[in-house]
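The next block holds one structure in the form of structure tokens; read it before the comments.
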Amino acid sequence: MIKTFRPTVVTYRWVHNGKVVDTGKVKVVRDKKVSYTFKPDKSHKGWVTLDIVSPRHGVSGRDGYTVTCEKEEPPPPPPVEATASVTAPENYTGACPPITRVFTGTVTVDRINAGGTAVQYRWAGPGFQGPTETLTFAEGDALSKNVSHTVEVTESGPVQRWIEILSPNTGVSNTAEVQVTCEALSIQVLNLQRNYDTSACTPGNGPAINFTSRIQVNGPVRVEYQWEFLSGSGGEITVPGSFETTGPDTVTVSHRLESSSYTNTGIMRARIRVTSHPDVRGIVTDFTPPPCPTA
């Protein structure tokens with residue numbers, strides 16, 4: 001504050017830490033307030049004085065101060081964002097007793113919190129809502145993880161599935177669709193082939209004989225079958241077998257008759273038939289094994 005006893009024009013200056021930082025003139029009637037403002041950019045100590053330049057030099061008392069700048073905490077990171085995508089299996093045409101179709105999904109987070117991040121999600125579809133599942137991303141894990149979902153199908157039509165993200169945010173993936181066309185179960189015995197192994201001949205016997213057959217199915221099924229062999233002497237051999245498929249397939253089955261007197265009896269008959277489905281037509285073949293080579 002500047003004081004005078006009569007109206008006077010006063011010239012003054014502000015000195016900050018020994019440096020003149022501001023000057024001015026003001027008409028003073030008895031007293032007048034003047035001010036100086038500065039913006040510190042770091043913690044420090046200092047002092048300020050107000051000097052009267054004219055009409056008569058004078059110096060105010062030195063006023064000291066202390067500035068302490070507190071460290072500003074960085075803002076918290078934004079919440080983790082999770083997304084998902086879904087891929088459908090291949091379309092299916094065949095028997096449906098039922099069948100299974102497996103959808104695959106990928107859940108992705110944009111980052112992983114210290115201590116890990118948990119994502120809650122569920123599979124959904126038209127008229128279907130699965131249970132809530134939790135996928136945990138530990139520090140150092142990849143930002144994407146794969147998940148899967150199995151659907152049992154018993155009739156023709158489209159099957160759709162998607163993933164719903166429930167936390168840490170909400171969202172919905174794309175919709176994946178598989179087309180299923182159900183047909184009546186079909187089992188066919190396609191052929192019956194044989195070849196002779198004369199290198200396996202034993203003295204006085206016929207050759208070894210390898211039999212193969214291909215059985216075609218159009219869907220998941222367990223097939224039981226039977227090999228039947230009849231020699232010229234009337235002896236009969238039956239050998240059962242079975243296989244299972246998870247979808248349309250052509251399965252090769254085989255049996256070997258070792259070199260013996262049984263394969264050295266003239267005309268023989270071989271037959272393969274499906275015993276689990278009696279309406280399936282088998283295949284029969286008659287043949288005469290060649291003699292074993294003589295020494």
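Identifiers in the structure tokens: chain A, B, ... in order shown; residue index from 1 per chain; ligand index from 1 in order shown.
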
Inset, instruction - Can you pull out every residue within 9 Å of region 280-294 of chain A, counting only C-alpha atoms, but drop anything in the same chain fewer than 6 positions away, and send it as a count of residues only? - result: 31

Legend entry - Filtered DSSP result for region 138-242 of chain A, state strand (DSSP E), as a PyMOL selection string: chain A and resi 144-153+157-167+171-172+176-183+187-189+193-197+208-217+221-230+236-242

Inset, instruction - Fewer than 4 positions away in the same chain doesn't count, so skip those; otherwise give me all residues within 6 Å of region 151-165 of chain A, counting only C-alpha atoms, as a list in words. - result: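 That gives Cys96, Pro98, Ile99, Thr100, Arg101, Tyr121, Arg122, Trp123, Ala124, Gly125, Thr170, Gly171, Val172, Ser173, Thr175, Ala176, Glu177, Val178, Gln179, Val180, Thr181 and Cys182 of chain A.
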
Serialized selection, N, CA, C and O atoms, as a CSV table (one decimal), in the first residue's frame:
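Listing of result_9.csv after writing:
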chain,number,residue,atom,x,y,z
A,96,CYS,N,-29.5,-87.2,-38.8
A,96,CYS,CA,-29.4,-86.4,-37.6
A,96,CYS,C,-30.0,-87.2,-36.4
A,96,CYS,O,-31.1,-87.1,-36.0
A,98,PRO,N,-29.1,-87.4,-32.6
A,98,PRO,CA,-28.8,-86.1,-33.2
A,98,PRO,C,-27.3,-86.0,-33.6
A,98,PRO,O,-26.5,-86.9,-33.4
A,99,ILE,N,-27.0,-84.8,-34.1
A,99,ILE,CA,-25.6,-84.4,-34.4
A,99,ILE,C,-25.2,-83.3,-33.6
A,99,ILE,O,-26.0,-82.6,-33.0
A,100,THR,N,-23.9,-83.0,-33.5
A,100,THR,CA,-23.4,-81.9,-32.7
A,100,THR,C,-22.7,-80.9,-33.7
A,100,THR,O,-22.0,-81.4,-34.6
A,101,ARG,N,-22.9,-79.7,-33.5
A,101,ARG,CA,-22.2,-78.6,-34.2
A,101,ARG,C,-21.5,-77.7,-33.2
A,101,ARG,O,-22.1,-77.3,-32.2
A,121,TYR,N,-19.3,-63.5,-19.8
A,121,TYR,CA,-20.0,-63.6,-21.1
A,121,TYR,C,-20.9,-64.7,-21.1
A,121,TYR,O,-20.9,-65.6,-20.2
A,122,ARG,N,-21.8,-64.8,-22.1
A,122,ARG,CA,-22.6,-66.0,-22.3
A,122,ARG,C,-22.9,-66.2,-23.8
A,122,ARG,O,-22.9,-65.2,-24.5
A,123,TRP,N,-23.2,-67.4,-24.1
A,123,TRP,CA,-23.6,-67.7,-25.5
A,123,TRP,C,-25.1,-67.6,-25.6
A,123,TRP,O,-25.9,-67.8,-24.6
A,124,ALA,N,-25.6,-67.1,-26.7
A,124,ALA,CA,-27.0,-66.9,-26.9
A,124,ALA,C,-27.4,-67.1,-28.3
A,124,ALA,O,-26.6,-67.2,-29.2
A,125,GLY,N,-28.7,-67.3,-28.5
A,125,GLY,CA,-29.2,-67.5,-29.9
A,125,GLY,C,-30.8,-67.4,-29.8
A,125,GLY,O,-31.3,-67.2,-28.8
A,170,THR,N,-20.7,-54.0,-21.6
A,170,THR,CA,-21.7,-54.8,-22.2
A,170,THR,C,-21.5,-54.7,-23.7
A,170,THR,O,-21.1,-53.7,-24.2
A,171,GLY,N,-21.8,-55.8,-24.5
A,171,GLY,CA,-21.7,-55.8,-25.9
A,171,GLY,C,-22.2,-57.1,-26.5
A,171,GLY,O,-22.4,-58.1,-25.8
A,172,VAL,N,-22.3,-57.1,-27.8
A,172,VAL,CA,-22.8,-58.3,-28.5
A,172,VAL,C,-21.9,-58.6,-29.7
A,172,VAL,O,-21.5,-57.6,-30.4
A,173,SER,N,-21.5,-59.8,-29.9
A,173,SER,CA,-20.7,-60.2,-31.1
A,173,SER,C,-21.5,-60.2,-32.3
A,173,SER,O,-22.8,-60.0,-32.3
A,175,THR,N,-23.4,-62.4,-35.4
A,175,THR,CA,-24.2,-63.6,-35.3
A,175,THR,C,-23.6,-64.6,-36.4
A,175,THR,O,-23.5,-64.3,-37.5
A,176,ALA,N,-23.3,-65.8,-35.9
A,176,ALA,CA,-22.8,-66.9,-36.8
A,176,ALA,C,-23.9,-67.9,-37.0
A,176,ALA,O,-24.7,-68.2,-36.1
A,177,GLU,N,-24.0,-68.4,-38.3
A,177,GLU,CA,-25.1,-69.4,-38.6
A,177,GLU,C,-24.6,-70.6,-39.3
A,177,GLU,O,-23.7,-70.5,-40.2
A,178,VAL,N,-25.1,-71.8,-39.0
A,178,VAL,CA,-24.8,-73.0,-39.7
A,178,VAL,C,-26.1,-73.6,-40.2
A,178,VAL,O,-27.1,-73.5,-39.5
A,179,GLN,N,-26.1,-74.1,-41.4
A,179,GLN,CA,-27.3,-74.6,-42.0
A,179,GLN,C,-27.3,-76.2,-41.9
A,179,GLN,O,-26.3,-76.8,-42.3
A,180,VAL,N,-28.3,-76.8,-41.3
A,180,VAL,CA,-28.4,-78.2,-41.1
A,180,VAL,C,-29.5,-78.8,-42.0
A,180,VAL,O,-30.6,-78.3,-41.9
A,181,THR,N,-29.2,-79.8,-42.8
A,181,THR,CA,-30.2,-80.5,-43.6
A,181,THR,C,-30.2,-82.0,-43.2
A,181,THR,O,-29.2,-82.7,-43.5
A,182,CYS,N,-31.3,-82.4,-42.5
A,182,CYS,CA,-31.4,-83.8,-42.0
A,182,CYS,C,-31.9,-84.7,-43.1
A,182,CYS,O,-32.9,-84.4,-43.7

Legend entry - Exercise: Thr106 (chain A) partners within 10 Å, only C-alpha atoms, chain neighbours under 3 positions left out, as a list of chain:residue names: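 Selected residues are A:Thr83, A:Ala84, A:Ser85, A:Val86, A:Thr87, A:Ser144, A:Lys145, A:Asn146, A:Val147, A:Ser148, A:Ile163, A:Ser173.
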
Selected residues, all heavy atoms, written as an mmCIF file, in the first residue's frame, please.
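Result saved to out.cif:
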data_model
loop_
_atom_site.group_PDB
_atom_site.id
_atom_site.type_symbol
_atom_site.label_atom_id
_atom_site.label_comp_id
_atom_site.auth_asym_id
_atom_site.auth_seq_id
_atom_site.Cartn_x
_atom_site.Cartn_y
_atom_site.Cartn_z
ATOM 1 N N THR A 83 -14.534 -57.264 -26.251
ATOM 2 C CA THR A 83 -15.336 -57.520 -27.445
ATOM 3 C C THR A 83 -15.278 -59.005 -27.768
ATOM 4 O O THR A 83 -14.452 -59.739 -27.219
ATOM 5 C CB THR A 83 -14.831 -56.700 -28.646
ATOM 6 O OG1 THR A 83 -13.445 -57.029 -28.869
ATOM 7 C CG2 THR A 83 -14.968 -55.212 -28.396
ATOM 8 N N ALA A 84 -16.138 -59.456 -28.669
ATOM 9 C CA ALA A 84 -16.167 -60.879 -29.031
ATOM 10 C C ALA A 84 -16.550 -61.042 -30.491
ATOM 11 O O ALA A 84 -17.198 -60.183 -31.090
ATOM 12 C CB ALA A 84 -17.154 -61.640 -28.144
ATOM 13 N N SER A 85 -16.117 -62.171 -31.070
ATOM 14 C CA SER A 85 -16.523 -62.553 -32.420
ATOM 15 C C SER A 85 -16.789 -64.053 -32.432
ATOM 16 O O SER A 85 -16.244 -64.801 -31.610
ATOM 17 C CB SER A 85 -15.437 -62.199 -33.445
ATOM 18 O OG SER A 85 -14.231 -62.903 -33.153
ATOM 19 N N VAL A 86 -17.636 -64.498 -33.357
ATOM 20 C CA VAL A 86 -18.060 -65.907 -33.408
ATOM 21 C C VAL A 86 -17.928 -66.424 -34.832
ATOM 22 O O VAL A 86 -18.232 -65.712 -35.800
ATOM 23 C CB VAL A 86 -19.520 -66.075 -32.916
ATOM 24 C CG1 VAL A 86 -19.968 -67.523 -33.034
ATOM 25 C CG2 VAL A 86 -19.648 -65.608 -31.472
ATOM 26 N N THR A 87 -17.479 -67.696 -34.956
ATOM 27 C CA THR A 87 -17.374 -68.376 -36.245
ATOM 28 C C THR A 87 -18.222 -69.635 -36.208
ATOM 29 O O THR A 87 -18.173 -70.402 -35.232
ATOM 30 C CB THR A 87 -15.909 -68.747 -36.559
ATOM 31 O OG1 THR A 87 -15.124 -67.556 -36.562
ATOM 32 C CG2 THR A 87 -15.797 -69.439 -37.913
ATOM 33 N N SER A 144 -6.365 -61.924 -26.488
ATOM 34 C CA SER A 144 -7.501 -62.665 -27.036
ATOM 35 C C SER A 144 -7.452 -64.110 -26.574
ATOM 36 O O SER A 144 -6.371 -64.706 -26.491
ATOM 37 C CB SER A 144 -7.503 -62.619 -28.572
ATOM 38 O OG SER A 144 -7.709 -61.305 -29.043
ATOM 39 N N LYS A 145 -8.627 -64.677 -26.280
ATOM 40 C CA LYS A 145 -8.732 -66.080 -25.911
ATOM 41 C C LYS A 145 -9.906 -66.708 -26.662
ATOM 42 O O LYS A 145 -10.916 -66.048 -26.924
ATOM 43 C CB LYS A 145 -8.922 -66.256 -24.404
ATOM 44 C CG LYS A 145 -7.683 -65.897 -23.599
ATOM 45 C CD LYS A 145 -7.788 -66.353 -22.155
ATOM 46 C CE LYS A 145 -6.500 -66.101 -21.395
ATOM 47 N NZ LYS A 145 -6.543 -66.650 -20.011
ATOM 48 N N ASN A 146 -9.743 -68.004 -27.005
ATOM 49 C CA ASN A 146 -10.779 -68.710 -27.754
ATOM 50 C C ASN A 146 -11.716 -69.462 -26.799
ATOM 51 O O ASN A 146 -11.284 -70.006 -25.778
ATOM 52 C CB ASN A 146 -10.139 -69.695 -28.736
ATOM 53 C CG ASN A 146 -9.350 -68.996 -29.817
ATOM 54 O OD1 ASN A 146 -9.675 -67.871 -30.201
ATOM 55 N ND2 ASN A 146 -8.305 -69.642 -30.315
ATOM 56 N N VAL A 147 -12.974 -69.506 -27.177
ATOM 57 C CA VAL A 147 -13.991 -70.253 -26.434
ATOM 58 C C VAL A 147 -14.807 -71.055 -27.450
ATOM 59 O O VAL A 147 -14.725 -70.823 -28.662
ATOM 60 C CB VAL A 147 -14.902 -69.313 -25.620
ATOM 61 C CG1 VAL A 147 -14.116 -68.607 -24.530
ATOM 62 C CG2 VAL A 147 -15.569 -68.271 -26.529
ATOM 63 N N SER A 148 -15.582 -72.026 -26.969
ATOM 64 C CA SER A 148 -16.386 -72.845 -27.886
ATOM 65 C C SER A 148 -17.737 -73.158 -27.265
ATOM 66 O O SER A 148 -17.928 -73.059 -26.041
ATOM 67 C CB SER A 148 -15.648 -74.151 -28.234
ATOM 68 O OG SER A 148 -15.467 -74.942 -27.075
ATOM 69 N N ILE A 163 -22.250 -64.190 -28.982
ATOM 70 C CA ILE A 163 -21.744 -64.040 -27.618
ATOM 71 C C ILE A 163 -22.171 -62.684 -27.079
ATOM 72 O O ILE A 163 -22.028 -61.663 -27.750
ATOM 73 C CB ILE A 163 -20.205 -64.157 -27.576
ATOM 74 C CG1 ILE A 163 -19.776 -65.596 -27.845
ATOM 75 C CG2 ILE A 163 -19.657 -63.711 -26.210
ATOM 76 C CD1 ILE A 163 -18.262 -65.788 -27.900
ATOM 77 N N SER A 173 -21.503 -59.817 -29.925
ATOM 78 C CA SER A 173 -20.681 -60.171 -31.083
ATOM 79 C C SER A 173 -21.541 -60.231 -32.346
ATOM 80 O O SER A 173 -22.751 -59.996 -32.311
ATOM 81 C CB SER A 173 -20.027 -61.537 -30.856
ATOM 82 O OG SER A 173 -21.006 -62.571 -30.987
#

Legend entry - Nearest to Val26 (chain A), chosen from A:Phe38, A:Tyr262, A:Tyr12, A:Tyr92, with only C-alpha atoms counted in the distances: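 Nearest candidate to Val26 (chain A) out of A:Phe38, A:Tyr262, A:Tyr12, A:Tyr92: A:Tyr12.
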
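Taking only C-alpha atoms, the non-local environment of region 63-74 of chain A within 6 Å (same-chain residues fewer than 2 positions away omitted) comprises A:Ser43, A:His44, A:Lys45, A:Gly46, A:Trp47, A:Val48.
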
Please produce an output containing C-alpha atoms for each residue in the selection, written as a PDB file, in the first residue's frame.
ATOM      1  CA  SER A  43       8.516 -25.375  -5.592  1.00  0.00           C
ATOM      2  CA  HIS A  44      10.831 -22.637  -4.216  1.00  0.00           C
ATOM      3  CA  LYS A  45      11.305 -19.872  -1.640  1.00  0.00           C
ATOM      4  CA  GLY A  46      11.579 -16.155  -2.443  1.00  0.00           C
ATOM      5  CA  TRP A  47      10.889 -12.563  -1.483  1.00  0.00           C
ATOM      6  CA  VAL A  48       9.151  -9.473  -2.919  1.00  0.00           C
TER       7      VAL A  48
END

Legend entry - Polymer residues at most 12 Å from Val10 (chain A), only C-alpha atoms, same-chain spacing of 3 or more positions, as number ranges by chain: A: 1-4, 6-7, 13, 23-34, 51-58

Just to be explicit: take each residue in the selection above, keep C-alpha atoms, and write the result as a short mmCIF file (atom, residue, chain, number, x, y, z; two decimals), in the first residue's frame.
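So the final result, stored in selection36.cif, reads:
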data_model
loop_
_atom_site.label_atom_id
_atom_site.label_comp_id
_atom_site.auth_asym_id
_atom_site.auth_seq_id
_atom_site.Cartn_x
_atom_site.Cartn_y
_atom_site.Cartn_z
CA MET A 1 0.00 0.00 0.00
CA ILE A 2 1.26 3.51 -0.93
CA LYS A 3 0.41 6.44 1.43
CA THR A 4 0.74 10.21 0.96
CA ARG A 6 -1.70 15.10 -0.24
CA PRO A 7 -2.61 14.06 -3.80
CA ARG A 13 8.40 -0.80 -9.03
CA THR A 23 6.74 -0.83 -12.75
CA GLY A 24 3.89 1.65 -12.64
CA LYS A 25 2.52 5.07 -11.83
CA VAL A 26 -0.52 5.79 -9.71
CA LYS A 27 -2.17 8.93 -8.33
CA VAL A 28 -2.43 8.57 -4.58
CA VAL A 29 -4.84 10.44 -2.38
CA ARG A 30 -3.88 9.53 1.19
CA ASP A 31 -3.39 5.78 0.27
CA LYS A 32 -3.62 3.43 -2.71
CA LYS A 33 -3.37 -0.33 -3.09
CA VAL A 34 -1.22 -1.81 -5.85
CA ASP A 51 10.13 0.27 -4.22
CA ILE A 52 9.00 3.92 -4.47
CA VAL A 53 10.97 5.54 -7.31
CA SER A 54 9.49 9.08 -7.11
CA PRO A 55 8.71 11.66 -5.86
CA ARG A 56 11.02 10.32 -3.16
CA HIS A 57 12.79 6.96 -3.14
CA GLY A 58 11.73 4.44 -0.57
#

Legend entry - Nearest candidate to Val217 (chain A) (options A:Thr93, A:Thr245, A:Asn195, A:Ser233; using only C-alpha atoms): A:Thr245

Inset, instruction - Give the answer as one residue: which of A:Ile215, A:Leu166, A:Val251, A:Leu257 has the shortest atom-to-atom distance to Ser231 (chain A), using only C-alpha atoms? - result: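 Nearest to Ser231 (chain A): A:Leu257.
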
Legend entry - For Gly219 (chain A): contacts at 7 Å, only C-alpha atoms, fewer than 6 positions along chain excluded, given as a ChimeraX atom specification: /A:94-96,185,246-248

Inset, instruction - Name the closest residue to Gln129 (chain A) among the candidates A:His149, A:Gly116, A:Asp141, A:Asn17; distances are taken between atoms, counting only C-alpha atoms. - result: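 Closest candidate: A:His149.
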
Legend entry - Point-to-point distance in Å for CA of Pro78 (chain A) and CA of Thr108 (chain A): 16.1 Å

Legend entry - Distance of CA of Ala138 (chain A) from CA of Ala82 (chain A), expressed in Å to one decimal place: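 Computing the Euclidean distance for CA of Ala82 (chain A) and CA of Ala138 (chain A) yields 14.4 Å.
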
Legend entry - For CA of Ile112 (chain A) and CA of Gly140 (chain A), the interatomic separation in Å (one decimal): 8.2 Å
